[in-house]
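S.K.: Structure file upload-v1.cif (mmCIF, C-alpha atoms (C1' of nucleotides)) right here:
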```cif
data_entry
loop_
_atom_site.label_atom_id
_atom_site.label_comp_id
_atom_site.auth_asym_id
_atom_site.auth_seq_id
_atom_site.Cartn_x
_atom_site.Cartn_y
_atom_site.Cartn_z
CA MET K 1 -105.84 53.08 -59.48
CA ALA K 2 -103.13 53.96 -61.97
CA LYS K 3 -103.47 52.37 -65.35
CA ILE K 4 -100.50 50.63 -66.88
CA LYS K 5 -101.28 51.46 -70.45
CA THR K 6 -98.62 51.77 -73.09
CA SER K 7 -98.59 55.00 -75.02
CA GLU K 8 -98.36 55.00 -78.78
CA PRO K 9 -94.81 54.91 -80.10
CA GLY K 10 -93.14 58.20 -80.85
CA SER K 11 -95.40 60.20 -78.59
CA LYS K 12 -93.87 62.65 -76.17
CA LYS K 13 -95.06 60.46 -73.35
CA GLU K 14 -93.08 57.59 -74.71
CA ILE K 15 -90.00 59.73 -75.16
CA ILE K 16 -90.22 60.84 -71.55
CA GLN K 17 -90.57 57.22 -70.46
CA LYS K 18 -87.51 56.19 -72.41
CA VAL K 19 -85.39 59.00 -71.07
CA ALA K 20 -86.63 58.26 -67.58
CA ALA K 21 -85.68 54.61 -67.90
CA ALA K 22 -82.19 55.60 -68.95
CA LEU K 23 -81.80 57.99 -66.03
CA PHE K 24 -83.29 55.58 -63.50
CA ARG K 25 -80.82 52.96 -64.62
CA GLU K 26 -77.88 55.29 -64.52
CA LYS K 27 -78.50 56.99 -61.21
CA GLY K 28 -81.31 55.10 -59.55
CA PHE K 29 -84.96 56.05 -59.24
CA ARG K 30 -84.64 58.06 -56.08
CA ALA K 31 -81.50 59.80 -57.17
CA THR K 32 -83.15 61.04 -60.35
CA SER K 33 -85.09 64.27 -59.96
CA MET K 34 -87.96 65.41 -62.12
CA ARG K 35 -86.01 68.57 -62.91
CA GLU K 36 -83.17 66.43 -64.17
CA LEU K 37 -85.49 64.31 -66.24
CA ALA K 38 -87.13 67.41 -67.68
CA ALA K 39 -83.77 68.88 -68.61
CA SER K 40 -82.83 65.67 -70.39
CA VAL K 41 -86.04 65.86 -72.38
CA GLY K 42 -85.48 69.55 -73.06
CA ILE K 43 -88.40 71.10 -71.21
CA GLU K 44 -89.16 72.44 -67.73
CA ALA K 45 -90.08 70.14 -64.87
CA ALA K 46 -93.63 71.37 -64.63
CA SER K 47 -94.21 70.72 -68.32
CA LEU K 48 -93.68 67.02 -67.78
CA TYR K 49 -97.04 66.89 -66.09
CA ASN K 50 -98.79 67.70 -69.35
CA HIS K 51 -97.80 64.21 -70.46
CA ILE K 52 -97.38 61.99 -67.44
CA ASP K 53 -99.12 61.55 -64.11
CA GLY K 54 -96.05 61.68 -61.90
CA LYS K 55 -92.76 60.12 -61.04
CA ASN K 56 -94.26 56.98 -59.60
CA ASP K 57 -96.34 56.27 -62.65
CA LEU K 58 -93.22 56.39 -64.75
CA LEU K 59 -91.67 53.64 -62.67
CA ILE K 60 -94.88 51.65 -62.70
CA SER K 61 -95.14 51.80 -66.48
CA ILE K 62 -91.55 50.69 -66.90
CA CYS K 63 -91.77 47.81 -64.46
CA PHE K 64 -95.01 46.35 -65.74
CA LYS K 65 -94.04 46.68 -69.36
CA VAL K 66 -91.12 44.37 -68.64
CA ALA K 67 -93.03 42.07 -66.33
CA ASN K 68 -95.77 41.55 -68.90
CA ASN K 69 -93.15 40.76 -71.49
CA PHE K 70 -91.61 37.99 -69.44
CA THR K 71 -94.94 36.59 -68.36
CA ARG K 72 -96.05 36.37 -71.95
CA LYS K 73 -92.84 34.63 -72.92
CA ILE K 74 -92.93 31.98 -70.23
CA SER K 75 -96.48 31.10 -71.21
CA GLU K 76 -95.28 30.60 -74.75
CA VAL K 77 -92.36 28.47 -73.58
CA GLU K 78 -94.54 26.34 -71.34
CA ALA K 79 -96.85 25.67 -74.28
CA SER K 80 -94.04 24.63 -76.60
CA ASP K 81 -93.23 20.95 -76.98
CA SER K 82 -89.54 21.22 -76.12
CA ASN K 83 -88.02 19.18 -73.33
CA MET K 84 -87.28 20.88 -70.04
CA LEU K 85 -83.61 21.58 -70.67
CA GLU K 86 -84.56 23.19 -73.95
CA LYS K 87 -87.18 25.27 -72.20
CA VAL K 88 -84.57 26.55 -69.78
CA GLU K 89 -82.42 27.40 -72.76
CA LEU K 90 -85.28 29.23 -74.46
CA LEU K 91 -85.86 31.35 -71.39
CA LEU K 92 -82.17 32.01 -70.97
CA ARG K 93 -81.91 33.24 -74.52
CA PHE K 94 -84.96 35.42 -74.11
CA HIS K 95 -83.52 37.01 -70.99
CA VAL K 96 -80.28 37.82 -72.75
CA HIS K 97 -82.15 39.09 -75.78
CA GLU K 98 -84.34 41.41 -73.73
CA MET K 99 -81.39 42.63 -71.76
CA VAL K 100 -79.46 43.49 -74.88
CA ASN K 101 -82.37 45.15 -76.66
CA ASP K 102 -84.14 46.84 -73.80
CA TYR K 103 -81.35 47.35 -71.36
CA ASP K 104 -82.71 50.36 -69.48
CA TYR K 105 -86.19 48.97 -69.03
CA VAL K 106 -85.11 45.51 -67.93
CA TYR K 107 -82.47 46.86 -65.60
CA VAL K 108 -84.81 49.33 -63.95
CA SER K 109 -87.61 46.82 -63.54
CA ASP K 110 -85.13 44.48 -61.94
CA ARG K 111 -83.37 46.85 -59.56
CA GLU K 112 -85.69 49.72 -58.84
CA TRP K 113 -89.09 48.09 -58.47
CA ARG K 114 -88.92 48.41 -54.70
CA ASN K 115 -89.57 52.11 -55.09
CA MET K 116 -93.05 51.56 -56.45
CA GLU K 117 -95.98 52.43 -54.25
CA GLU K 118 -98.90 50.29 -53.28
CA PRO K 119 -100.98 48.74 -54.61
CA GLU K 120 -98.79 48.16 -57.66
CA LEU K 121 -95.86 47.09 -55.53
CA THR K 122 -97.76 44.09 -54.24
CA ARG K 123 -99.06 43.23 -57.66
CA TYR K 124 -95.58 43.40 -59.13
CA ARG K 125 -94.14 41.26 -56.35
CA GLU K 126 -96.78 38.69 -57.08
CA MET K 127 -95.99 38.63 -60.80
CA ARG K 128 -92.32 38.22 -60.00
CA ARG K 129 -92.96 35.45 -57.53
CA LEU K 130 -95.19 33.65 -59.97
CA TYR K 131 -92.65 33.92 -62.78
CA ARG K 132 -89.94 32.41 -60.62
CA ARG K 133 -92.30 29.69 -59.55
CA ARG K 134 -93.14 28.75 -63.12
CA PHE K 135 -89.45 28.76 -64.00
CA THR K 136 -88.72 26.57 -61.00
CA ASN K 137 -91.44 24.15 -62.05
CA ILE K 138 -89.73 23.66 -65.38
CA VAL K 139 -86.43 22.90 -63.68
CA GLU K 140 -88.07 20.51 -61.25
CA LYS K 141 -89.83 18.66 -64.00
CA GLY K 142 -86.51 18.43 -65.82
CA ILE K 143 -84.93 16.85 -62.77
CA LEU K 144 -87.75 14.34 -62.43
CA ARG K 145 -87.38 13.37 -66.08
CA GLY K 146 -83.65 12.95 -65.73
CA GLU K 147 -82.82 15.75 -68.16
CA ILE K 148 -81.39 17.98 -65.48
CA LYS K 149 -79.05 16.86 -62.74
CA LYS K 150 -80.31 16.62 -59.18
CA LEU K 151 -79.99 19.94 -57.41
CA ASP K 152 -82.12 22.45 -55.57
CA ALA K 153 -84.33 23.94 -58.25
CA ASN K 154 -84.87 27.18 -56.33
CA THR K 155 -81.16 27.77 -56.11
CA ALA K 156 -80.70 27.04 -59.78
CA VAL K 157 -83.40 29.47 -60.84
CA MET K 158 -82.19 32.14 -58.47
CA ILE K 159 -78.70 31.83 -59.89
CA ILE K 160 -79.90 31.94 -63.46
CA LEU K 161 -82.12 34.95 -62.96
CA ASN K 162 -79.53 36.86 -61.00
CA SER K 163 -76.78 36.10 -63.42
CA ILE K 164 -78.68 37.93 -66.11
CA SER K 165 -79.80 40.87 -64.06
CA ALA K 166 -77.55 43.53 -65.24
CA VAL K 167 -74.31 45.14 -64.50
CA ASP K 168 -72.97 48.25 -66.09
CA GLN K 169 -70.69 45.89 -67.99
CA TRP K 170 -73.39 44.45 -70.22
CA HIS K 171 -73.02 46.94 -72.96
CA ARG K 172 -69.29 46.91 -72.96
CA ILE K 173 -69.33 43.15 -73.29
CA VAL K 174 -71.90 43.19 -76.07
CA HIS K 175 -69.69 45.54 -78.02
CA LYS K 176 -66.79 43.16 -77.79
CA VAL K 177 -68.50 39.85 -78.38
CA SER K 178 -71.68 39.81 -80.45
CA ALA K 179 -75.09 39.44 -78.85
CA LYS K 180 -75.32 35.98 -80.38
CA ASP K 181 -72.01 34.92 -78.86
CA LEU K 182 -73.05 36.30 -75.52
CA GLU K 183 -76.20 34.20 -75.61
CA ASP K 184 -74.27 31.11 -76.60
CA ASN K 185 -71.70 31.66 -73.90
CA MET K 186 -74.37 31.93 -71.25
CA VAL K 187 -76.26 28.90 -72.44
CA SER K 188 -73.06 26.93 -72.65
CA ILE K 189 -72.04 27.80 -69.12
CA PHE K 190 -75.38 27.00 -67.58
CA ILE K 191 -76.11 23.86 -69.55
CA ASP K 192 -72.67 22.28 -69.55
CA GLY K 193 -70.59 24.27 -67.09
CA LEU K 194 -67.12 25.72 -67.24
CA ARG K 195 -65.19 22.45 -67.25
CA LYS K 196 -63.77 21.44 -70.59
CA MET J 197 -60.36 62.64 -47.35
CA ALA J 198 -62.62 60.42 -45.33
CA LYS J 199 -60.90 57.56 -43.61
CA ILE J 200 -62.32 54.10 -43.99
CA LYS J 201 -61.34 52.87 -40.58
CA THR J 202 -63.19 50.05 -38.89
CA SER J 203 -64.51 50.80 -35.44
CA GLU J 204 -63.92 48.40 -32.61
CA PRO J 205 -66.58 45.70 -32.36
CA GLY J 206 -69.54 46.35 -30.11
CA SER J 207 -69.09 50.10 -30.16
CA LYS J 208 -72.12 52.28 -30.79
CA LYS J 209 -70.59 53.30 -34.07
CA GLU J 210 -70.51 49.71 -35.16
CA ILE J 211 -74.08 49.15 -34.09
CA ILE J 212 -75.21 52.14 -36.13
CA GLN J 213 -73.30 50.83 -39.11
CA LYS J 214 -74.92 47.43 -38.84
CA VAL J 215 -78.41 48.84 -38.52
CA ALA J 216 -77.70 51.19 -41.41
CA ALA J 217 -76.56 48.30 -43.59
CA ALA J 218 -79.78 46.44 -42.84
CA LEU J 219 -81.91 49.46 -43.68
CA PHE J 220 -79.95 50.34 -46.80
CA ARG J 221 -80.43 46.80 -48.04
CA GLU J 222 -84.12 46.74 -47.24
CA LYS J 223 -85.15 50.11 -48.59
CA GLY J 224 -82.15 51.43 -50.48
CA PHE J 225 -79.66 54.09 -49.46
CA ARG J 226 -81.59 57.04 -50.71
CA ALA J 227 -84.90 55.82 -49.38
CA THR J 228 -83.49 55.47 -45.86
CA SER J 229 -83.62 58.64 -43.79
CA MET J 230 -81.36 59.49 -40.90
CA ARG J 231 -84.43 59.87 -38.71
CA GLU J 232 -85.46 56.37 -39.62
CA LEU J 233 -82.01 55.02 -38.90
CA ALA J 234 -81.93 56.84 -35.58
CA ALA J 235 -85.30 55.42 -34.60
CA SER J 236 -84.08 51.92 -35.41
CA VAL J 237 -81.09 52.46 -33.17
CA GLY J 238 -83.29 53.96 -30.46
CA ILE J 239 -82.02 57.54 -30.38
CA GLU J 240 -82.77 60.88 -32.01
CA ALA J 241 -81.42 61.71 -35.46
CA ALA J 242 -79.12 64.43 -34.21
CA SER J 243 -77.56 62.05 -31.70
CA LEU J 244 -76.21 59.91 -34.51
CA TYR J 245 -73.68 62.61 -35.22
CA ASN J 246 -71.95 62.00 -31.92
CA HIS J 247 -70.80 58.71 -33.42
CA ILE J 248 -70.64 59.02 -37.17
CA ASP J 249 -69.66 61.69 -39.66
CA GLY J 250 -72.73 61.54 -41.86
CA LYS J 251 -74.87 59.43 -44.11
CA ASN J 252 -72.31 59.21 -46.87
CA ASP J 253 -69.58 58.01 -44.57
CA LEU J 254 -71.83 55.18 -43.48
CA LEU J 255 -72.12 54.00 -47.06
CA ILE J 256 -68.42 54.46 -47.64
CA SER J 257 -67.52 52.36 -44.62
CA ILE J 258 -69.86 49.58 -45.65
CA CYS J 259 -68.68 49.46 -49.24
CA PHE J 260 -64.97 49.49 -48.53
CA LYS J 261 -65.23 46.96 -45.76
CA VAL J 262 -66.62 44.50 -48.27
CA ALA J 263 -64.31 45.53 -51.09
CA ASN J 264 -61.25 45.07 -48.91
CA ASN J 265 -62.48 41.66 -47.91
CA PHE J 266 -62.75 40.44 -51.48
CA THR J 267 -59.49 42.00 -52.51
CA ARG J 268 -57.74 40.24 -49.66
CA LYS J 269 -59.31 36.94 -50.62
CA ILE J 270 -58.40 37.05 -54.28
CA SER J 271 -54.78 37.75 -53.38
CA GLU J 272 -54.84 34.67 -51.19
CA VAL J 273 -56.40 32.59 -53.97
CA GLU J 274 -53.93 33.81 -56.55
CA ALA J 275 -51.08 32.82 -54.29
CA SER J 276 -52.42 29.32 -53.67
CA ASP J 277 -51.10 26.45 -55.78
CA SER J 278 -54.50 25.22 -56.99
CA ASN J 279 -55.27 24.93 -60.68
CA MET J 280 -57.41 27.56 -62.30
CA LEU J 281 -60.71 25.70 -62.09
CA GLU J 282 -60.10 25.15 -58.40
CA LYS J 283 -59.33 28.83 -57.98
CA VAL J 284 -62.65 29.71 -59.55
CA GLU J 285 -64.30 27.30 -57.17
CA LEU J 286 -62.52 28.84 -54.17
CA LEU J 287 -63.73 32.29 -55.12
CA LEU J 288 -67.24 31.03 -55.78
CA ARG J 289 -67.39 29.47 -52.34
CA PHE J 290 -66.05 32.61 -50.75
CA HIS J 291 -68.69 34.73 -52.43
CA VAL J 292 -71.46 32.48 -51.20
CA HIS J 293 -69.95 32.36 -47.75
CA GLU J 294 -69.73 36.13 -47.47
CA MET J 295 -73.23 36.54 -48.81
CA VAL J 296 -74.64 34.15 -46.27
CA ASN J 297 -72.71 35.56 -43.33
CA ASP J 298 -72.67 39.24 -44.14
CA TYR J 299 -75.78 39.58 -46.24
CA ASP J 300 -76.55 43.23 -45.56
CA TYR J 301 -73.03 44.48 -46.09
CA VAL J 302 -72.38 42.53 -49.27
CA TYR J 303 -75.75 43.39 -50.73
CA VAL J 304 -75.39 47.09 -50.04
CA SER J 305 -71.85 47.28 -51.35
CA ASP J 306 -73.04 45.56 -54.49
CA ARG J 307 -76.20 47.52 -55.20
CA GLU J 308 -75.89 50.90 -53.54
CA TRP J 309 -72.29 51.89 -54.17
CA ARG J 310 -73.36 54.30 -56.89
CA ASN J 311 -74.63 56.62 -54.19
CA MET J 312 -71.16 57.25 -52.82
CA GLU J 313 -69.61 60.65 -53.42
CA GLU J 314 -66.29 61.46 -54.93
CA PRO J 315 -63.47 60.79 -54.47
CA GLU J 316 -64.39 57.47 -52.89
CA LEU J 317 -66.71 56.59 -55.75
CA THR J 318 -63.85 56.56 -58.22
CA ARG J 319 -61.63 54.64 -55.87
CA TYR J 320 -64.32 52.04 -55.31
CA ARG J 321 -64.99 51.69 -59.03
CA GLU J 322 -61.30 51.08 -59.53
CA MET J 323 -61.19 48.37 -56.86
CA ARG J 324 -64.18 46.70 -58.43
CA ARG J 325 -62.73 46.87 -61.89
CA LEU J 326 -59.44 45.47 -60.69
CA TYR J 327 -61.13 42.60 -58.87
CA ARG J 328 -63.04 41.60 -61.97
CA ARG J 329 -59.88 41.85 -63.99
CA ARG J 330 -57.98 39.55 -61.66
CA PHE J 331 -60.89 37.10 -61.70
CA THR J 332 -60.95 37.22 -65.49
CA ASN J 333 -57.22 36.55 -65.63
CA ILE J 334 -57.75 33.34 -63.69
CA VAL J 335 -60.43 32.20 -66.11
CA GLU J 336 -58.32 33.11 -69.12
CA LYS J 337 -55.35 31.21 -67.78
CA GLY J 338 -57.66 28.25 -67.17
CA ILE J 339 -58.74 28.34 -70.79
CA LEU J 340 -55.17 28.50 -72.04
CA ARG J 341 -54.24 25.51 -69.90
CA GLY J 342 -57.21 23.54 -71.15
CA GLU J 343 -58.86 23.30 -67.73
CA ILE J 344 -61.74 25.53 -68.72
CA LYS J 345 -63.66 25.34 -71.96
CA LYS J 346 -63.17 28.01 -74.59
CA LEU J 347 -65.51 30.92 -73.97
CA ASP J 348 -65.41 34.64 -73.45
CA ALA J 349 -63.80 35.06 -70.04
CA ASN J 350 -65.40 38.44 -69.43
CA THR J 351 -68.84 37.01 -69.95
CA ALA J 352 -68.12 34.10 -67.67
CA VAL J 353 -66.91 36.33 -64.85
CA MET J 354 -69.79 38.73 -65.28
CA ILE J 355 -72.24 35.87 -65.05
CA ILE J 356 -70.59 34.39 -62.00
CA LEU J 357 -70.37 37.66 -60.13
CA ASN J 358 -73.91 38.65 -60.96
CA SER J 359 -75.34 35.31 -60.08
CA ILE J 360 -74.13 35.76 -56.55
CA SER J 361 -75.10 39.36 -56.11
CA ALA J 362 -78.09 39.08 -53.98
CA VAL J 363 -81.79 38.77 -54.26
CA ASP J 364 -84.21 39.03 -51.44
CA GLN J 365 -84.54 35.30 -51.83
CA TRP J 366 -81.12 34.45 -50.48
CA HIS J 367 -82.17 34.10 -46.92
CA ARG J 368 -85.28 32.16 -47.68
CA ILE J 369 -83.25 29.69 -49.69
CA VAL J 370 -80.58 29.35 -47.05
CA HIS J 371 -83.24 28.45 -44.55
CA LYS J 372 -84.48 25.66 -46.75
CA VAL J 373 -81.23 24.19 -47.98
CA SER J 374 -78.14 24.54 -45.81
CA ALA J 375 -75.43 27.05 -46.59
CA LYS J 376 -73.15 24.16 -47.48
CA ASP J 377 -75.67 22.73 -49.93
CA LEU J 378 -76.17 26.13 -51.47
CA GLU J 379 -72.43 26.44 -52.04
CA ASP J 380 -72.25 22.96 -53.54
CA ASN J 381 -75.22 23.63 -55.80
CA MET J 382 -73.64 26.77 -57.15
CA VAL J 383 -70.26 25.21 -57.70
CA SER J 384 -71.89 22.23 -59.37
CA ILE J 385 -73.88 24.39 -61.77
CA PHE J 386 -70.99 26.57 -62.77
CA ILE J 387 -68.37 23.86 -63.04
CA ASP J 388 -70.42 21.12 -64.67
CA GLY J 389 -73.67 22.76 -65.76
CA LEU J 390 -77.27 21.76 -65.44
CA ARG J 391 -77.19 18.78 -67.78
CA LYS J 392 -77.21 15.39 -66.14
"C1'" DG L 393 -110.35 85.54 -88.48
"C1'" DG L 394 -111.83 84.00 -84.35
"C1'" DT L 395 -111.40 80.08 -81.16
"C1'" DG L 396 -110.14 76.03 -78.62
"C1'" DC L 397 -106.51 73.69 -76.85
"C1'" DG L 398 -102.18 71.20 -76.56
"C1'" DG L 399 -98.07 72.10 -74.60
"C1'" DG L 400 -94.81 75.06 -73.05
"C1'" DC L 401 -93.56 78.63 -69.30
"C1'" DT L 402 -92.81 81.01 -64.33
"C1'" DA L 403 -93.78 81.00 -59.60
"C1'" DA L 404 -94.62 78.92 -55.63
"C1'" DC L 405 -96.20 75.63 -52.02
"C1'" DG L 406 -95.59 72.07 -48.72
"C1'" DT L 407 -92.88 68.52 -47.18
"C1'" DG L 408 -88.99 65.74 -46.00
"C1'" DT L 409 -84.14 65.73 -45.85
"C1'" DG L 410 -79.18 65.91 -43.85
"C1'" DT L 411 -77.03 68.40 -40.72
"C1'" DT L 412 -75.65 71.96 -37.01
"C1'" DA L 413 -76.00 74.62 -32.67
"C1'" DG L 414 -76.66 74.71 -28.13
"C1'" DT L 415 -78.10 72.47 -23.92
"C1'" DT L 416 -78.89 68.83 -20.67
"C1'" DT L 417 -78.32 64.27 -18.93
"C1'" DT L 418 -75.65 60.18 -18.06
"C1'" DT L 419 -71.45 57.82 -17.14
"C1'" DA L 420 -66.80 57.05 -15.67
"C1'" DT L 421 -63.00 58.30 -12.98
"C1'" DA L 422 -60.24 60.67 -9.15
"C1'" DT Z 423 -68.67 63.24 -4.00
"C1'" DA Z 424 -66.84 66.38 -7.51
"C1'" DT Z 425 -65.85 66.82 -12.28
"C1'" DA Z 426 -65.00 66.15 -17.03
"C1'" DA Z 427 -66.12 63.72 -20.98
"C1'" DA Z 428 -69.49 61.09 -23.65
"C1'" DA Z 429 -73.78 60.97 -25.48
"C1'" DA Z 430 -78.35 62.07 -25.42
"C1'" DC Z 431 -81.93 65.80 -26.30
"C1'" DT Z 432 -84.69 70.01 -28.58
"C1'" DA Z 433 -84.88 73.37 -32.06
"C1'" DA Z 434 -83.93 74.93 -36.19
"C1'" DC Z 435 -81.74 75.88 -40.74
"C1'" DA Z 436 -81.07 75.54 -45.57
"C1'" DC Z 437 -82.11 73.12 -49.34
"C1'" DA Z 438 -83.98 69.97 -52.84
"C1'" DC Z 439 -87.81 67.61 -54.09
"C1'" DG Z 440 -92.54 66.39 -56.40
"C1'" DT Z 441 -96.25 68.70 -57.68
"C1'" DT Z 442 -99.90 72.40 -58.58
"C1'" DA Z 443 -101.77 76.89 -60.18
"C1'" DG Z 444 -102.11 80.07 -63.45
"C1'" DC Z 445 -100.61 82.10 -67.60
"C1'" DC Z 446 -99.34 82.53 -72.58
"C1'" DC Z 447 -98.04 81.23 -77.17
"C1'" DG Z 448 -98.93 79.09 -81.66
"C1'" DC Z 449 -101.33 75.98 -84.54
"C1'" DA Z 450 -105.35 73.43 -86.51
"C1'" DC Z 451 -109.98 73.95 -87.78
"C1'" DC Z 452 -114.65 75.79 -88.71
#
```
I need this file expressed as structure tokens, please.

M.R.:
Amino acid sequence: MAKIKTSEPGSKKEIIQKVAAALFREKGFRATSMRELAASVGIEAASLYNHIDGKNDLLISICFKVANNFTRKISEVEASDSNMLEKVELLLRFHVHEMVNDYDYVYVSDREWRNMEEPELTRYREMRRLYRRRFTNIVEKGILRGEIKKLDANTAVMIILNSISAVDQWHRIVHKVSAKDLEDNMVSIFIDGLRK
Amino acid sequence: MAKIKTSEPGSKKEIIQKVAAALFREKGFRATSMRELAASVGIEAASLYNHIDGKNDLLISICFKVANNFTRKISEVEASDSNMLEKVELLLRFHVHEMVNDYDYVYVSDREWRNMEEPELTRYREMRRLYRRRFTNIVEKGILRGEIKKLDANTAVMIILNSISAVDQWHRIVHKVSAKDLEDNMVSIFIDGLRK
DNA sequence: GGTGCGGGCTAACGTGTGTTAGTTTTTATA
DNA sequence: TATAAAAACTAACACACGTTAGCCCGCACC
């Protein structure tokens, strides 16, 4: 089975991965050809295979790098002694932060993961499902404790997660308002709503 | 230029379009082959071309059908005499409604439009941009009038639009809570936030 | 100064794709 | 029932794709 190891920073392999993430985001995984990727890196298509195992492994690396990141974070949040509303806020801020700092990777892992092959596809789905479940548990606990208003926790989590999953507008917005303001805006909307 | 006409309901062309929308949603536009589509319809790939112009025209039809729908709706909302917060709510409810009732079409138009070819791609981008702009104007006016709290209107609209753009979870959720409850949950979160 | 090898190259293979051409079958109408 | 149009079929084309095979250059190292 394919290993999901991270290559050391600055290596050619890592460069290829970065360029691939950018292309996959821009045009989609399937719409990006290895010849195109190679040209963007500055070599021939065949030369790519001196560094990587194939197109699918590129996608796998990207997706699991992000998934591991979020899984690690939610464990940390669960272990913290904040109340549930604060935990939601922590996760919200982390999502925005990751999106701003690792746009290509997060976007691709969110929109292109379907193109992975088995068995990684199933494993990824499971990680995703579990993450949502843990997030939902936090919201549900918050409702039980009276910190969060009564609503369907699944819907709430779905909305929150989707709202962050990117559009091409992210960067344009971040250039107008600062990353910090963006975070605060999002938290403000979700915690207290639009109404003045 | 390709015409974006709607075929009469029940026609074979419409059936093909519907099946195509379902497949494009499930597997992505590029990952769906004409042979696969044909098999789903119950004919041979070549036979499709007695009814449609090609793969790209399928995507074009789907995308513009949805885009026209939303453009029509926002004109209607703008013309109504509700206040700005109510207008946001009207649009929110419409988005949820369309997503629930026309899942495949809305999903595909939202996630696969990049695969369109020129000149439709540019035209679609423009429609999308304009829609967001009109939505943003409503929010901005709401802020000026003191109905909506002070925040970056672009961020707010981006969040709202993204939050609705689908996940594979939509249907599962709709089967657990009713479509009406889903709508109310969303409106509640966005208007008044999560806090109790 | 030879040598191993990382990393680039060209050429090509096999496959799957969207689409067309040409033909036959089915359906509707007179 | 005859006939024309609609809609299915088979066969094939041209192309783009991911990937492999085999080669060659230049650099580090004994």

S.K.: Pick out the closest residue to Trp309 of chain J from this set: J:Ile355, J:Ile270, J:Ile360, J:Ile258. Count only C-alpha atoms.

M.R.: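 Among J:Ile355, J:Ile270, J:Ile360, J:Ile258, it is J:Ile258 that comes nearest to Trp309 of chain J.
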
S.K.: What separation in Å, quoted to one decimal, exists between atom CA of Arg25 of chain K and atom CA of Asp104 of chain K?

M.R.: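 Taking atom CA of Arg25 of chain K and atom CA of Asp104 of chain K, their separation equals 5.8 Å.
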
S.K.: Check which residues satisfy the PyMOL selection byres ((chain K) within 8 of (chain J)) in the file shown, then give them as a PyMOL selection string.

M.R.: chain K and resi 27+30-31+85+114+146-152+154-156+158-167+169+173+177+182+185-186+189-196

S.K.: Show me a table, sorted first by chain and then by increasing residue number, of the residues of chain L having an atom at most 9 Å from segment 426-438 of chain Z, each with its shortest atom pair and the distance in Å to one decimal, counting only C-alpha atoms (C1' of nucleotides) and written as a tab-separated table.

M.R.:
```
residue	atom	partner	partner_atom	distance
L:DT409	C1'	Z:DA438	C1'	8.2
L:DT411	C1'	Z:DC435	C1'	8.8
L:DT412	C1'	Z:DC435	C1'	8.1
L:DA413	C1'	Z:DA434	C1'	8.7
L:DT415	C1'	Z:DC431	C1'	8.1
L:DT416	C1'	Z:DC431	C1'	7.1
L:DT417	C1'	Z:DA430	C1'	6.9
L:DT418	C1'	Z:DA429	C1'	7.7
L:DT419	C1'	Z:DA428	C1'	7.5
L:DA420	C1'	Z:DA427	C1'	8.6
```

S.K.: How about saving the chosen residues, C-alpha atoms (C1' of nucleotides) kept, as a PDB file, in the coordinates of the input?

M.R.:
```
ATOM      1  C1'  DT L 409     -84.140  65.730 -45.850  1.00  0.00           C
ATOM      2  C1'  DT L 411     -77.030  68.400 -40.720  1.00  0.00           C
ATOM      3  C1'  DT L 412     -75.650  71.960 -37.010  1.00  0.00           C
ATOM      4  C1'  DA L 413     -76.000  74.620 -32.670  1.00  0.00           C
ATOM      5  C1'  DT L 415     -78.100  72.470 -23.920  1.00  0.00           C
ATOM      6  C1'  DT L 416     -78.890  68.830 -20.670  1.00  0.00           C
ATOM      7  C1'  DT L 417     -78.320  64.270 -18.930  1.00  0.00           C
ATOM      8  C1'  DT L 418     -75.650  60.180 -18.060  1.00  0.00           C
ATOM      9  C1'  DT L 419     -71.450  57.820 -17.140  1.00  0.00           C
ATOM     10  C1'  DA L 420     -66.800  57.050 -15.670  1.00  0.00           C
TER      11       DA L 420
END
```

S.K.: Got a sec: who's within 8 Å of Glu36 of chain K, counting all atoms listed in the file, leaving out chain neighbours fewer than 4 positions off, as a PyMOL selection string?

M.R.: chain K and resi 32+40+45

S.K.: Within 12 Å of chain Z, which residues of chain K show up when using only C-alpha atoms (C1' of nucleotides), listed as a PyMOL selection string?

M.R.: chain K and resi 30-36+45-50+52-56

S.K.: Could you tell me which residues of chain L sit within 8 Å of chain K when counting only C-alpha atoms (C1' of nucleotides), and give me the result as a PyMOL selection string?

M.R.: chain L and resi 399-401

S.K.: I need the output of the PyMOL selection byres ((chain J and resi 317-319) around 12) for this file as a PyMOL selection string; which residues are they?

M.R.: chain J and resi 197-198+200+252-253+255-257+259-260+263-264+305+308-316+320-326

S.K.: Would you mind reading off the distance between atom CA of Ile16 of chain K and atom CA of Tyr105 of chain K, one decimal, in Å?

M.R.: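 The value is 12.8 Å.
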
S.K.: With all atoms of segment 396-403 of chain L from the file as input, state the centre and edge lengths in Å to one decimal of the axis-aligned box that has 3 Å extra on each side, as lines of an AutoDock Vina configuration file.

M.R.:
```
center_x = -101.5
center_y = 76.1
center_z = -69.1
size_x = 23.3
size_y = 15.8
size_z = 25.0
```
